[in-house]
Structures are given as structure tokens and as C-alpha cells.
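Undergrad: Right, I'll just put the structure down here and ask away after.
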Amino acid sequence: MAHRWKNTLTRADVTPLSAYMNRRQIMAGAMGLGLIGAAGMARSQEAELEPNSWEDITQYNNFYEFGTGKSDPARNAHTLTTEPWTVVIDGLVDNPGDYSMDQIMEAMTIEERIYRFRCVEAWSMVIPWNGFELADLLNLAGVQEGAKYVAFETALRPDEMPGVRFPTLDWPYVEGLRLDEAMHPLTMMATGIYGKTIPNQNGAPIRLVVPWKYGFKSIKSIVRITLTEDEPPTSWNQANGREYGFYSNVNPEVDHPRWSQASERLVGGGLFAKRQPTLMFNGYEEEVASLYDGMDLRANY
Amino acid sequence: MLVDRINQVARKVPTWAVYIVYLIPVPVLLYMAQTGGLGREPINALERELGEIALQLVIIGLCISPLRRFFGVNLIKFRRTAGVLAFTYVALHMLVWAVLDVQSIDRVVADIIKRPYITIGMAAFILMVPLALTSNNRSVRWLGAVWRRLHLLTYPVAILSGVHFVWLSKGFQLEPLVYLTVILALLALRVPTLVRKVAA
């Protein structure tokens with residue numbers, strides 16, 4: 001079921017691409033004239049969320065299968081074959097099997113979601129994704145009683161991915177969510193950005209987006225989704241468990257052992273970009289905090 | 001002979017020319033950072049470029065005496081140039097980190113205390129300060145044998161810089177490990193001489 005979550009930002013906030021400044025000026029003018037009341041002010045804070053440019057989103061990426069440099073994915077990911085593409089859905093599901101991208105796209109309703117994206121490295125973006133809720137796909141497969149977690153796996157193709165020739169991580173890249181996190185209406189599978197097909201460097205043809213978790217949880221170019229009873233292994237946790245936990249919820253109060261998570265820098269601000277405070281659950285506290293009621297977020301980092 | 005040819009050329013090249021050539025990256029990088037040449041997030045990119053040049057200069061400095069000892073290539077007059085340039089780039093690297101990246105004195109101090117990879121980076125910089133201050137002929141004459149011993153600090157500086165780079169990387173990455181390995185290998189070449197000196 002699409003459209004369960006209502007964005008406070010609309011399509012009009014995204015397009016036209018070149019009109020950011022104009023819109024800002026109109027907002028400032030409107031506020032000056034007192035046209036926006038108290039309620040409007042609250043919303044205008046959210047409207048301050050200008051989506052990053054297409055260039056920011058598609059040229060500054062972490063996708064280590066294509067290299068560890070930020071511009072490596074944009075340079076190298078063109079070699080990834082995304083058609084045809086099949087996602088295996090297996091484990092504790094009623095309808096296990098190969099789901100072709102065509103099948104998936106036919107069954108799902110694509111909508112747009114403008115989300116904050118916070119990398120564990122303390123930079124962030126605002127991205128207008130196109131996709132559908134993961135819950136819809138899982139319901140299509142039929143989640144069985146007893147399933148508690150969802151495991152994801154990225155494609156592993158040494159011929160197409162220069163980065164996997166070196167063991168930066170234990171390939172293939174794997175990630176996981178608790179079932180309630182996976183079924184949450186904010187959790188989506190993205191197939192596009194700015195209304196265009198998602199570029200390879202951003203995780204084509206289909207990737208996860210979990211906006212209240214650090215970016216590395218949002219696994220790219222997914223080939224397998226497995227419903228499991230036990231907590232699945234996750235790549236960064238395996239590489240360095242002290243630094244990267246299973247949950248990895250954005251939390252300004254729990255630092256990464258090597259750097260502070262209290263603030264972040266929005267990409268695209270140039271050489272003199274100011275840091276901004278990081279928000280609890282990346283600004284989605286109201287929607288997701290209840291998932292972690294009673295949990296020690298410091299212990300479950 | 002190639003070695004004679006290199007030595008001949010080296011004798012003719014003035015050190016000020018090396019300074020000028022090696023400082024060209026500073027305005028170039030700043031220009032690139034402003035115009036998008038360093039990517040969508042220029043602050044980290046600039047920080048990293050400056051740090052990497054500094055590390056390369058440390059390595060170049062460490063190569064000079066083995067080059068003479070094993071190959072007879074005499075570039076000794078450029079050793080100070082490499083050291084002073086390395087110090088310059090480390091200082092710029094730290095300036096970009098503190099002013100453009102971290103943006104607050106409190107956080108700079110907190111990071112130095114709390115983040116081990118920053119602590120050792122800072123330690124390397126602090127150890128370089130006396131070396132930079134005594135990198136003139138008068139200090140060499142004045143301090144004599146003390147100067148030589150003081151400048152052995154180059155070795156811990158090199159190790160700390162290499163470890164700093166390895167430590168700040170995410171995952172198992174090749175490039176920082178290559179730098180550290182080269183540094184350790186260049187230091188290993190000196191172990192026999194150092195042992196002999198200590199014994200004597």
C-alpha cells in the first residue's frame with residue numbers, strides 16, 4: 001500500500017532544480033510580510049530542507065565495490081549490468097523465489113519521498129527518492145510467522161566491480177534490519193532519484209533506504225532478501241564491531257569511537273560550509289523512537 | 001653514469017626552485033576546491049590532499065640518505081627542503097582541519113584528547129616544531145651533535161604520520177598501508193647504523 005507516509009515536502013519543493021534561491025527569497029519575503037503564521041513557521045523549518053543537487057547526490061558516493069574514493073563510484077559504476085536484474089526473496093516467506101525487476105515494478109506503486117540522508121562519516125544530504133515501501137514487497141512475498149529479521153545482500157560481480165578485488169570488506173556486502181524496522185512505513189526500496197532511474201553509483205536498480213539510520217545500512221544493488229529468525233550478519237559490523245553496531249541509528253549523543261556524531265556537514269556547501277547539529281534519529285524521532293522503547297541506545301549502537 | 005649525471009644536475013638545481021615548485025599545489029588545490037575540482041565536498045578532499053603531500057614529503061626526506069649510502073646519489077642539500085616543506089603541508093593540513101572542518105576550538109581540543117588517530121597526528125606535528133625551528137644553518141652550527149640527535153625525531157614523526165593515515169581509514173584499505181610499509185622499510189634500513197652508534 002503506497003502513500004502511507006505523508007511527506008511534509010512536496011514535489012514542488014524539488015522542481016524546478018534551478019529555482020532554489022528564488023524559492024528561498026519568496027519564503028523570506030513572505031515571512032517578512034507576516035504571511036506565514038506560527039504554524040507556517042514550523043513547516044518552513046522543514047521546508048528549509050532543500051534537496052541536494054543531482055550532481056551532489058550522484059557524484060559523492062560511498063559504494064566500496066567501485067572504489068573507496070568518493071568519486072570512484074561515479075567513475076566506475078557504469079560497468080554494472082542492471083538489466084536484467086533479479087532479486088531472490090527467500091527464507092521465511094510464503095512465496096520464495098526469483099523476482100525480476102519487471103515483476104517488482106509492475107506490482108509496486110512508485111512514490112516520491114524526500115528524506116534526509118546521514119552518512120556515518122558525518123556528512124549528509126537531502127535526497128528526493130522514488131520507490132516503494134519495503135513492507136509492500138515483503139507482503140508480496142508473504143512474511144511467515146517466526147520471521148524476526150530481514151537480511152539483504154548486494155550483488156558481487158568481480159568483472160563489473162573493480163573494488164571487490166581488494167578485501168576492503170568481506171564481500172558480498174550484507175545488511176539487515178529487524179522485521180519491525182523493515183515493515184516501518186519510512187523504510188523504502190528506492191528505484192529512482194529526482195524522478196529519474198537511479199544511477200548505478202547510487203545502488204541501481206534497487207536499494208534500501210532507511211532514513212533514520214546511518215547511510216551504510218541502506219544497502220545498494222540488492223540481489224537477495226532473506227527473512228530470518230536470527231539477527232543476520234552485517235558487513236561493517238563484521239569489519240569492525242566496536243565502531244559499527246547492528247542498529248546504527250543516527251544518534252548525536254553516541255559518538256563513533258573515532259569521531260563525533262553530534263554535528264554533520266551538508267554536502268554541496270563548498271569550502272566554507274558550516275556544520276549543522278545532527279538530529280536524533282536523523283529527524284525522524286517522532287516516527288521511529290517507539291521502535292526502540294526501553295532499549296539502551298548506547299549499548300545498542 | 002646515471003648517478004654522476006643525477007649528481008651533476010642536483011648540484012645545479014637551487015633549493016629555492018624546489019620550494020617554489022613544491023608549493024604550487026597550494027594555490028592549485030585552493031582554486032580546485034573553490035571551483036568544484038575537488039568534488040562535491042571540498043573540505044575533506046583538501047584536508048586529505050594536503051595530508052597526503054605532507055606524508056609523501058616525509059618519505060622523500062627519509063629516502064635521501066639511503067640514496068647516497070646505497071647508490072651514491074647525493075641529494076643531501078634537498079633533505080632540509082623536504083623537511084621544511086613537509087612541515088608546511090602538515091601545518092596547512094591542520095589549519096584546514098581545525099578552521100574549515102571542525103570549526104570550533106572546543107571541538108578541536110576535544111578531538112585531540114578523545115580521538116587517538118588525531119592525538120597521534122597532533123603528536124607528530126608537535127614533534128616537527130623543534131625540527132622546523134632548527135632547520136637553519138645557525139642552529140646546525142650552534143647545536144652541533146645535539147642537532148643531529150634532535151633530528152632523529154624525524155623517525156617517530158614518520159611512524160606516527162603513517163599510523164595516523166592507516167588509523168583514520170574505514171575498512172581495510174591498501175593506500176595507507178602502502179605508505180606505512182614504505183616508511184617502516186626506510187626506517188629498517190637505518191637500524192644497523194643506529195645500533196652500531198648506540199653500541200659505540
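Residues in the C-alpha cells are numbered from 1 in each chain, the chains being A, B, ... in the order shown, and ligands are numbered from 1 in the order shown.
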Define the interface residues of chain B facing chain A as those within 8 Å, counting only C-alpha atoms, and report them as a list in words.
TA: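 Every residue of chain B that passes the 8 Å test is in Ala33, Gln34, Gly39, Arg40, Glu41, Pro42, Ile43, Leu100, Val102, Gln103, Asp111, Arg115, Pro116, Tyr117, Leu168, Gly171, Phe172, Gln173 and Leu174 of chain B.
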Undergrad: Please produce a file of the residues just selected, as an mmCIF file, in the first residue's frame, where the atoms kept are N, CA and C atoms.
TA:
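In the end it all went to out_14.cif:
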```
data_model
loop_
_atom_site.group_PDB
_atom_site.id
_atom_site.type_symbol
_atom_site.label_atom_id
_atom_site.label_comp_id
_atom_site.auth_asym_id
_atom_site.auth_seq_id
_atom_site.Cartn_x
_atom_site.Cartn_y
_atom_site.Cartn_z
ATOM 1 N N ALA B 33 39.361 23.551 -5.065
ATOM 2 C CA ALA B 33 38.343 23.401 -4.015
ATOM 3 C C ALA B 33 37.200 24.396 -4.236
ATOM 4 N N GLN B 34 37.558 25.594 -4.699
ATOM 5 C CA GLN B 34 36.548 26.634 -4.915
ATOM 6 C C GLN B 34 35.720 26.387 -6.164
ATOM 7 N N GLY B 39 35.664 17.858 -6.105
ATOM 8 C CA GLY B 39 34.443 17.104 -5.839
ATOM 9 C C GLY B 39 33.403 17.915 -5.099
ATOM 10 N N ARG B 40 32.344 17.232 -4.709
ATOM 11 C CA ARG B 40 31.179 17.909 -4.156
ATOM 12 C C ARG B 40 31.396 18.318 -2.713
ATOM 13 N N GLU B 41 32.404 17.764 -2.048
ATOM 14 C CA GLU B 41 32.636 18.094 -0.643
ATOM 15 C C GLU B 41 34.109 18.429 -0.503
ATOM 16 N N PRO B 42 34.476 19.684 -0.821
ATOM 17 C CA PRO B 42 35.895 20.024 -0.968
ATOM 18 C C PRO B 42 36.687 20.072 0.341
ATOM 19 N N ILE B 43 36.021 20.202 1.478
ATOM 20 C CA ILE B 43 36.777 20.393 2.724
ATOM 21 C C ILE B 43 37.582 19.133 3.063
ATOM 22 N N LEU B 100 38.251 24.890 8.762
ATOM 23 C CA LEU B 100 37.168 24.613 7.811
ATOM 24 C C LEU B 100 36.356 23.382 8.187
ATOM 25 N N VAL B 102 36.443 21.209 11.462
ATOM 26 C CA VAL B 102 35.882 21.105 12.816
ATOM 27 C C VAL B 102 35.168 22.393 13.242
ATOM 28 N N GLN B 103 35.739 23.535 12.886
ATOM 29 C CA GLN B 103 35.073 24.840 13.062
ATOM 30 C C GLN B 103 34.858 25.293 14.500
ATOM 31 N N ASP B 111 38.623 16.700 20.209
ATOM 32 C CA ASP B 111 39.071 15.686 19.249
ATOM 33 C C ASP B 111 40.508 15.243 19.531
ATOM 34 N N ARG B 115 40.194 11.439 20.384
ATOM 35 C CA ARG B 115 40.332 10.593 19.186
ATOM 36 C C ARG B 115 41.789 10.220 18.978
ATOM 37 N N PRO B 116 42.133 8.975 19.241
ATOM 38 C CA PRO B 116 43.546 8.580 19.198
ATOM 39 C C PRO B 116 44.240 8.892 17.871
ATOM 40 N N TYR B 117 43.537 8.747 16.744
ATOM 41 C CA TYR B 117 44.246 8.993 15.485
ATOM 42 C C TYR B 117 44.579 10.470 15.328
ATOM 43 N N LEU B 168 42.875 6.367 10.377
ATOM 44 C CA LEU B 168 41.688 7.164 10.056
ATOM 45 C C LEU B 168 40.875 6.545 8.930
ATOM 46 N N GLY B 171 37.517 0.555 7.017
ATOM 47 C CA GLY B 171 37.700 -0.728 6.340
ATOM 48 C C GLY B 171 39.184 -1.008 6.107
ATOM 49 N N PHE B 172 39.473 -2.029 5.343
ATOM 50 C CA PHE B 172 40.839 -2.459 5.091
ATOM 51 C C PHE B 172 41.268 -1.855 3.756
ATOM 52 N N GLN B 173 42.013 -0.739 3.827
ATOM 53 C CA GLN B 173 42.364 -0.027 2.592
ATOM 54 C C GLN B 173 43.845 -0.133 2.281
ATOM 55 N N LEU B 174 44.144 -0.228 0.989
ATOM 56 C CA LEU B 174 45.507 -0.500 0.537
ATOM 57 C C LEU B 174 46.440 0.708 0.676
#
```
Undergrad: I'd like the contact shell of stretch 127-130 of chain A - 6 Å cut-off, only C-alpha atoms, skipping same-chain residues fewer than 2 positions apart - returned as a PyMOL selection string.
TA: chain A and resi 51+111-115+190-194
Undergrad: One number please: atom CA of B:Leu152 to atom CA of B:Leu177, in Å, one decimal.
TA: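 It comes out at 23.2 Å.
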Undergrad: Might you pull out every residue within 9 Å of A:Leu137, with only C-alpha atoms counted and same-chain residues fewer than 3 positions away left off, and present them as number ranges by chain?
TA: A: 104, 107-108, 132-134, 140-142, 189
Undergrad: Go ahead and save the residues from that selection, with all heavy atoms, as an mmCIF file, in the first residue's frame.
TA:
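Okay, this is what ended up in out-v2.cif:
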```cif
data_model
loop_
_atom_site.group_PDB
_atom_site.id
_atom_site.type_symbol
_atom_site.label_atom_id
_atom_site.label_comp_id
_atom_site.auth_asym_id
_atom_site.auth_seq_id
_atom_site.Cartn_x
_atom_site.Cartn_y
_atom_site.Cartn_z
ATOM 1 N N ILE A 104 8.628 -6.790 -10.068
ATOM 2 C CA ILE A 104 8.546 -5.944 -8.871
ATOM 3 C C ILE A 104 7.939 -4.597 -9.233
ATOM 4 O O ILE A 104 7.002 -4.123 -8.581
ATOM 5 C CB ILE A 104 9.949 -5.766 -8.238
ATOM 6 C CG1 ILE A 104 10.441 -7.106 -7.671
ATOM 7 C CG2 ILE A 104 9.914 -4.693 -7.152
ATOM 8 C CD1 ILE A 104 11.890 -7.097 -7.204
ATOM 9 N N ALA A 107 4.244 -4.683 -9.750
ATOM 10 C CA ALA A 107 3.416 -4.890 -8.556
ATOM 11 C C ALA A 107 3.412 -3.691 -7.610
ATOM 12 O O ALA A 107 2.515 -3.552 -6.780
ATOM 13 C CB ALA A 107 3.905 -6.132 -7.818
ATOM 14 N N MET A 108 4.420 -2.836 -7.716
ATOM 15 C CA MET A 108 4.567 -1.754 -6.742
ATOM 16 C C MET A 108 4.098 -0.422 -7.306
ATOM 17 O O MET A 108 4.164 -0.182 -8.503
ATOM 18 C CB MET A 108 6.045 -1.627 -6.335
ATOM 19 C CG MET A 108 6.611 -2.853 -5.653
ATOM 20 S SD MET A 108 5.870 -3.109 -4.026
ATOM 21 C CE MET A 108 5.427 -4.833 -4.150
ATOM 22 N N PHE A 132 9.230 2.506 -3.327
ATOM 23 C CA PHE A 132 8.027 1.994 -2.657
ATOM 24 C C PHE A 132 8.430 1.498 -1.276
ATOM 25 O O PHE A 132 9.625 1.328 -0.992
ATOM 26 C CB PHE A 132 7.408 0.858 -3.487
ATOM 27 C CG PHE A 132 8.394 -0.229 -3.853
ATOM 28 C CD1 PHE A 132 8.632 -1.288 -2.987
ATOM 29 C CD2 PHE A 132 9.100 -0.177 -5.058
ATOM 30 C CE1 PHE A 132 9.545 -2.278 -3.309
ATOM 31 C CE2 PHE A 132 10.030 -1.174 -5.382
ATOM 32 C CZ PHE A 132 10.250 -2.225 -4.512
ATOM 33 N N GLU A 133 7.437 1.272 -0.456
ATOM 34 C CA GLU A 133 7.761 0.795 0.889
ATOM 35 C C GLU A 133 8.207 -0.663 0.843
ATOM 36 O O GLU A 133 7.597 -1.482 0.159
ATOM 37 C CB GLU A 133 6.535 0.946 1.799
ATOM 38 C CG GLU A 133 6.275 2.394 2.158
ATOM 39 C CD GLU A 133 5.091 2.560 3.094
ATOM 40 O OE1 GLU A 133 4.712 1.580 3.772
ATOM 41 O OE2 GLU A 133 4.551 3.675 3.143
ATOM 42 N N LEU A 134 9.252 -0.943 1.603
ATOM 43 C CA LEU A 134 9.742 -2.323 1.676
ATOM 44 C C LEU A 134 8.618 -3.253 2.149
ATOM 45 O O LEU A 134 8.513 -4.400 1.712
ATOM 46 C CB LEU A 134 10.942 -2.391 2.625
ATOM 47 C CG LEU A 134 11.494 -3.784 2.952
ATOM 48 C CD1 LEU A 134 11.934 -4.514 1.687
ATOM 49 C CD2 LEU A 134 12.659 -3.686 3.941
ATOM 50 N N LEU A 140 4.183 -8.910 -0.481
ATOM 51 C CA LEU A 140 4.040 -9.643 -1.737
ATOM 52 C C LEU A 140 4.633 -11.049 -1.588
ATOM 53 O O LEU A 140 4.077 -12.034 -2.076
ATOM 54 C CB LEU A 140 4.766 -8.877 -2.848
ATOM 55 C CG LEU A 140 4.590 -9.345 -4.293
ATOM 56 C CD1 LEU A 140 3.180 -9.022 -4.775
ATOM 57 C CD2 LEU A 140 5.613 -8.656 -5.194
ATOM 58 N N ALA A 141 5.763 -11.096 -0.885
ATOM 59 C CA ALA A 141 6.417 -12.394 -0.692
ATOM 60 C C ALA A 141 5.734 -13.198 0.423
ATOM 61 O O ALA A 141 5.881 -14.417 0.483
ATOM 62 C CB ALA A 141 7.895 -12.193 -0.372
ATOM 63 N N GLY A 142 5.015 -12.514 1.299
ATOM 64 C CA GLY A 142 4.301 -13.185 2.380
ATOM 65 C C GLY A 142 5.216 -13.584 3.527
ATOM 66 O O GLY A 142 5.797 -14.657 3.539
ATOM 67 N N MET A 189 12.297 0.977 -0.574
ATOM 68 C CA MET A 189 13.196 0.474 -1.593
ATOM 69 C C MET A 189 13.190 1.528 -2.693
ATOM 70 O O MET A 189 12.125 1.847 -3.236
ATOM 71 C CB MET A 189 12.691 -0.859 -2.163
ATOM 72 C CG MET A 189 12.603 -1.954 -1.122
ATOM 73 S SD MET A 189 14.212 -2.413 -0.463
ATOM 74 C CE MET A 189 14.732 -3.605 -1.667
#
```
Undergrad: Given only C-alpha atoms as the basis, pick out the residue of B:Ile183, B:Ile112, B:Ala82, B:Val73 nearest to B:Arg5.
TA: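 Ranked by minimum distance to B:Arg5, first place goes to B:Val73.
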Undergrad: Going by DSSP on the backbone, which residues of stretch 180-220 of chain A come out as strand (DSSP E)? List them as JSON, numbers by chain.
TA: {"A": [188, 189, 190, 191, 192, 193, 196, 197, 207, 208, 209]}
Undergrad: Keeping N, CA, C and O atoms for every residue in the selection just given, could you write it to a file as a compact mmCIF listing (two decimals), in the first residue's frame?
TA:
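The resulting file, out.txt, is shown below:
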```txt
# COMPACT_ATOMS: atom_id res chain seq x y z
N MET A 188 12.04 2.30 2.81
CA MET A 188 11.65 2.13 1.41
C MET A 188 12.73 1.46 0.56
O MET A 188 13.89 1.35 0.96
N MET A 189 12.30 0.98 -0.57
CA MET A 189 13.20 0.47 -1.59
C MET A 189 13.19 1.53 -2.69
O MET A 189 12.13 1.85 -3.24
N ALA A 190 14.36 2.09 -2.98
CA ALA A 190 14.42 3.16 -3.97
C ALA A 190 14.83 2.61 -5.33
O ALA A 190 15.73 1.77 -5.42
N THR A 191 14.15 3.12 -6.35
CA THR A 191 14.48 2.74 -7.73
C THR A 191 14.74 3.98 -8.58
O THR A 191 15.03 3.87 -9.76
N GLY A 192 14.62 5.15 -7.95
CA GLY A 192 14.84 6.38 -8.69
C GLY A 192 15.23 7.52 -7.79
O GLY A 192 15.11 7.45 -6.56
N ILE A 193 15.76 8.59 -8.41
CA ILE A 193 16.10 9.84 -7.71
C ILE A 193 15.69 10.98 -8.64
O ILE A 193 15.96 10.91 -9.85
N LYS A 196 14.16 10.24 -11.98
CA LYS A 196 14.91 9.51 -12.99
C LYS A 196 15.30 8.14 -12.43
O LYS A 196 15.35 7.95 -11.22
N THR A 197 15.61 7.22 -13.33
CA THR A 197 16.09 5.91 -12.90
C THR A 197 17.32 6.10 -12.02
O THR A 197 18.19 6.92 -12.32
N ARG A 207 17.63 -0.39 -4.24
CA ARG A 207 18.37 -0.27 -2.99
C ARG A 207 17.42 0.01 -1.84
O ARG A 207 16.29 0.44 -2.04
N LEU A 208 17.95 -0.21 -0.66
CA LEU A 208 17.20 0.07 0.56
C LEU A 208 17.44 1.54 0.96
O LEU A 208 18.51 2.08 0.71
N VAL A 209 16.44 2.16 1.58
CA VAL A 209 16.63 3.48 2.19
C VAL A 209 15.96 3.46 3.57
O VAL A 209 14.75 3.28 3.68
```
Undergrad: Write out as a count of residues only all residues of stretch 2-195 of chain B that backbone DSSP assigns to alpha helix (DSSP H).
TA: 154
Undergrad: Can you tell me how far atom CA of A:Tyr247 sits from atom CA of A:Pro232, in Å to one decimal?
TA: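 Value for the atom CA of A:Tyr247-atom CA of A:Pro232 distance: 11.6 Å.
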Undergrad: For stretch 179-182 of chain B, find every residue with an atom within 12 Å (counting only C-alpha atoms), except residues of its own chain fewer than 6 positions away, and show them as a ChimeraX atom specification.
TA: /B:52-60,62-63,157-167,173,188-189
Undergrad: Convert the current residue selection to file output with N, CA, C and O atoms, as a CSV table (one decimal), in the first residue's frame.
TA:
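In the end it all went to out-v3.csv:
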```
chain,number,residue,atom,x,y,z
B,52,GLU,N,48.3,14.1,2.5
B,52,GLU,CA,49.0,13.1,1.7
B,52,GLU,C,50.3,13.7,1.1
B,52,GLU,O,51.3,13.0,1.1
B,53,ILE,N,50.3,14.9,0.7
B,53,ILE,CA,51.5,15.6,0.2
B,53,ILE,C,52.5,15.6,1.3
B,53,ILE,O,53.7,15.3,1.1
B,54,ALA,N,52.1,16.0,2.5
B,54,ALA,CA,53.0,16.1,3.7
B,54,ALA,C,53.6,14.7,3.9
B,54,ALA,O,54.8,14.6,4.1
B,55,LEU,N,52.8,13.6,3.9
B,55,LEU,CA,53.3,12.3,4.1
B,55,LEU,C,54.3,11.9,3.0
B,55,LEU,O,55.4,11.3,3.3
B,56,GLN,N,54.0,12.3,1.8
B,56,GLN,CA,55.0,12.0,0.7
B,56,GLN,C,56.3,12.7,0.9
B,56,GLN,O,57.4,12.1,0.7
B,57,LEU,N,56.2,13.9,1.4
B,57,LEU,CA,57.5,14.7,1.7
B,57,LEU,C,58.3,14.1,2.8
B,57,LEU,O,59.5,14.1,2.7
B,58,VAL,N,57.6,13.6,3.8
B,58,VAL,CA,58.3,12.9,4.9
B,58,VAL,C,59.0,11.7,4.3
B,58,VAL,O,60.2,11.4,4.6
B,59,ILE,N,58.4,10.9,3.4
B,59,ILE,CA,59.0,9.8,2.8
B,59,ILE,C,60.2,10.2,1.9
B,59,ILE,O,61.3,9.6,2.0
B,60,ILE,N,60.0,11.3,1.1
B,60,ILE,CA,61.1,11.7,0.3
B,60,ILE,C,62.3,12.1,1.2
B,60,ILE,O,63.4,11.7,0.9
B,62,LEU,N,63.1,10.8,4.0
B,62,LEU,CA,63.7,9.6,4.5
B,62,LEU,C,64.5,8.8,3.4
B,62,LEU,O,65.3,8.0,3.7
B,63,CYS,N,64.2,9.1,2.2
B,63,CYS,CA,64.9,8.4,1.1
B,63,CYS,C,66.3,9.0,0.8
B,63,CYS,O,67.1,8.3,0.2
B,157,VAL,N,58.3,10.8,14.1
B,157,VAL,CA,57.3,11.6,13.3
B,157,VAL,C,56.8,10.8,12.1
B,157,VAL,O,55.6,10.7,11.8
B,158,ALA,N,57.7,10.1,11.4
B,158,ALA,CA,57.3,9.4,10.2
B,158,ALA,C,56.4,8.2,10.6
B,158,ALA,O,55.4,8.0,10.0
B,159,ILE,N,56.7,7.5,11.7
B,159,ILE,CA,55.9,6.4,12.1
B,159,ILE,C,54.5,6.9,12.5
B,159,ILE,O,53.5,6.4,12.1
B,160,LEU,N,54.5,8.0,13.3
B,160,LEU,CA,53.2,8.5,13.8
B,160,LEU,C,52.3,8.9,12.6
B,160,LEU,O,51.1,8.7,12.6
B,161,SER,N,52.9,9.6,11.6
B,161,SER,CA,52.2,10.0,10.4
B,161,SER,C,51.6,8.9,9.7
B,161,SER,O,50.4,8.9,9.3
B,162,GLY,N,52.4,7.8,9.5
B,162,GLY,CA,51.9,6.6,8.8
B,162,GLY,C,50.8,6.0,9.5
B,162,GLY,O,49.8,5.6,8.9
B,163,VAL,N,50.9,5.8,10.8
B,163,VAL,CA,49.9,5.2,11.6
B,163,VAL,C,48.6,6.0,11.6
B,163,VAL,O,47.5,5.5,11.5
B,164,HIS,N,48.8,7.3,11.7
B,164,HIS,CA,47.6,8.3,11.6
B,164,HIS,C,46.8,8.0,10.4
B,164,HIS,O,45.6,7.9,10.4
B,165,PHE,N,47.4,7.8,9.2
B,165,PHE,CA,46.7,7.6,8.0
B,165,PHE,C,46.0,6.3,8.0
B,165,PHE,O,44.9,6.2,7.6
B,166,VAL,N,46.7,5.2,8.4
B,166,VAL,CA,46.1,3.9,8.5
B,166,VAL,C,44.9,3.9,9.4
B,166,VAL,O,43.8,3.4,9.1
B,167,TRP,N,45.0,4.6,10.5
B,167,TRP,CA,44.0,4.6,11.6
B,167,TRP,C,42.7,5.3,11.2
B,167,TRP,O,41.6,5.0,11.6
B,173,GLN,N,42.0,-0.7,3.8
B,173,GLN,CA,42.4,0.0,2.6
B,173,GLN,C,43.8,-0.1,2.3
B,173,GLN,O,44.7,-0.1,3.2
B,188,ALA,N,63.8,0.7,8.6
B,188,ALA,CA,64.5,-0.5,8.9
B,188,ALA,C,66.0,-0.4,8.3
B,188,ALA,O,66.9,-1.0,8.9
B,189,LEU,N,66.1,0.3,7.2
B,189,LEU,CA,67.4,0.4,6.6
B,189,LEU,C,68.4,1.1,7.5
B,189,LEU,O,69.6,0.9,7.4
```
Undergrad: Name the residues in contact with A:Ala147 at a cut-off of 6 Å, using only C-alpha atoms, excluding same-chain residues fewer than 4 positions from it; report them as a list in words.
TA: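 In the requested format, the answer is Leu92, Leu227, Thr228 and Glu229 of chain A.
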Undergrad: Quick one, how far is atom CA of A:Asp230 from atom CA of A:Lys148?
TA: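 Calculated distance between atom CA of A:Asp230 and atom CA of A:Lys148 is 6.8 Å.
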Undergrad: Looking at A:Asn202, A:Thr187, A:Gln144, A:Thr79, which one is nearest to A:Trp54, with distances taken over only C-alpha atoms?
TA: A:Asn202
Undergrad: What lies within 12 Å of A:Glu287 using only C-alpha atoms, ignoring chain neighbours under 4 positions off, as a list of chain:residue names?
TA: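 My reading of the contact set: A:Trp5, A:Lys6, A:Glu181, A:His184, A:Pro185, A:Leu186, A:Thr187, A:Pro211, A:Trp212, A:Met280, A:Phe281, A:Asn282, A:Gly283, A:Leu291, A:Tyr292.
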Undergrad: For the selection you just gave me, I'd like the residues written to a file as a PDB file, in the first residue's frame, keeping C-alpha atoms.
TA:
```pdb
ATOM      1  CA  TRP A   5       3.542   8.271   4.924  1.00  0.00           C
ATOM      2  CA  LYS A   6       2.817  11.851   4.010  1.00  0.00           C
ATOM      3  CA  GLU A 181      12.148  -1.746  11.227  1.00  0.00           C
ATOM      4  CA  HIS A 184       8.060   0.582   9.106  1.00  0.00           C
ATOM      5  CA  PRO A 185       6.366   2.943   6.642  1.00  0.00           C
ATOM      6  CA  LEU A 186       9.506   5.113   6.405  1.00  0.00           C
ATOM      7  CA  THR A 187      11.610   2.193   5.171  1.00  0.00           C
ATOM      8  CA  PRO A 211      16.371   7.381   6.679  1.00  0.00           C
ATOM      9  CA  TRP A 212      16.824   7.243  10.468  1.00  0.00           C
ATOM     10  CA  MET A 280      18.088  12.345  16.920  1.00  0.00           C
ATOM     11  CA  PHE A 281      17.093   9.516  14.565  1.00  0.00           C
ATOM     12  CA  ASN A 282      18.100  11.926  11.795  1.00  0.00           C
ATOM     13  CA  GLY A 283      14.971  13.995  12.409  1.00  0.00           C
ATOM     14  CA  LEU A 291      10.601   1.025  17.873  1.00  0.00           C
ATOM     15  CA  TYR A 292      13.340   1.245  20.473  1.00  0.00           C
TER      16      TYR A 292
END
```
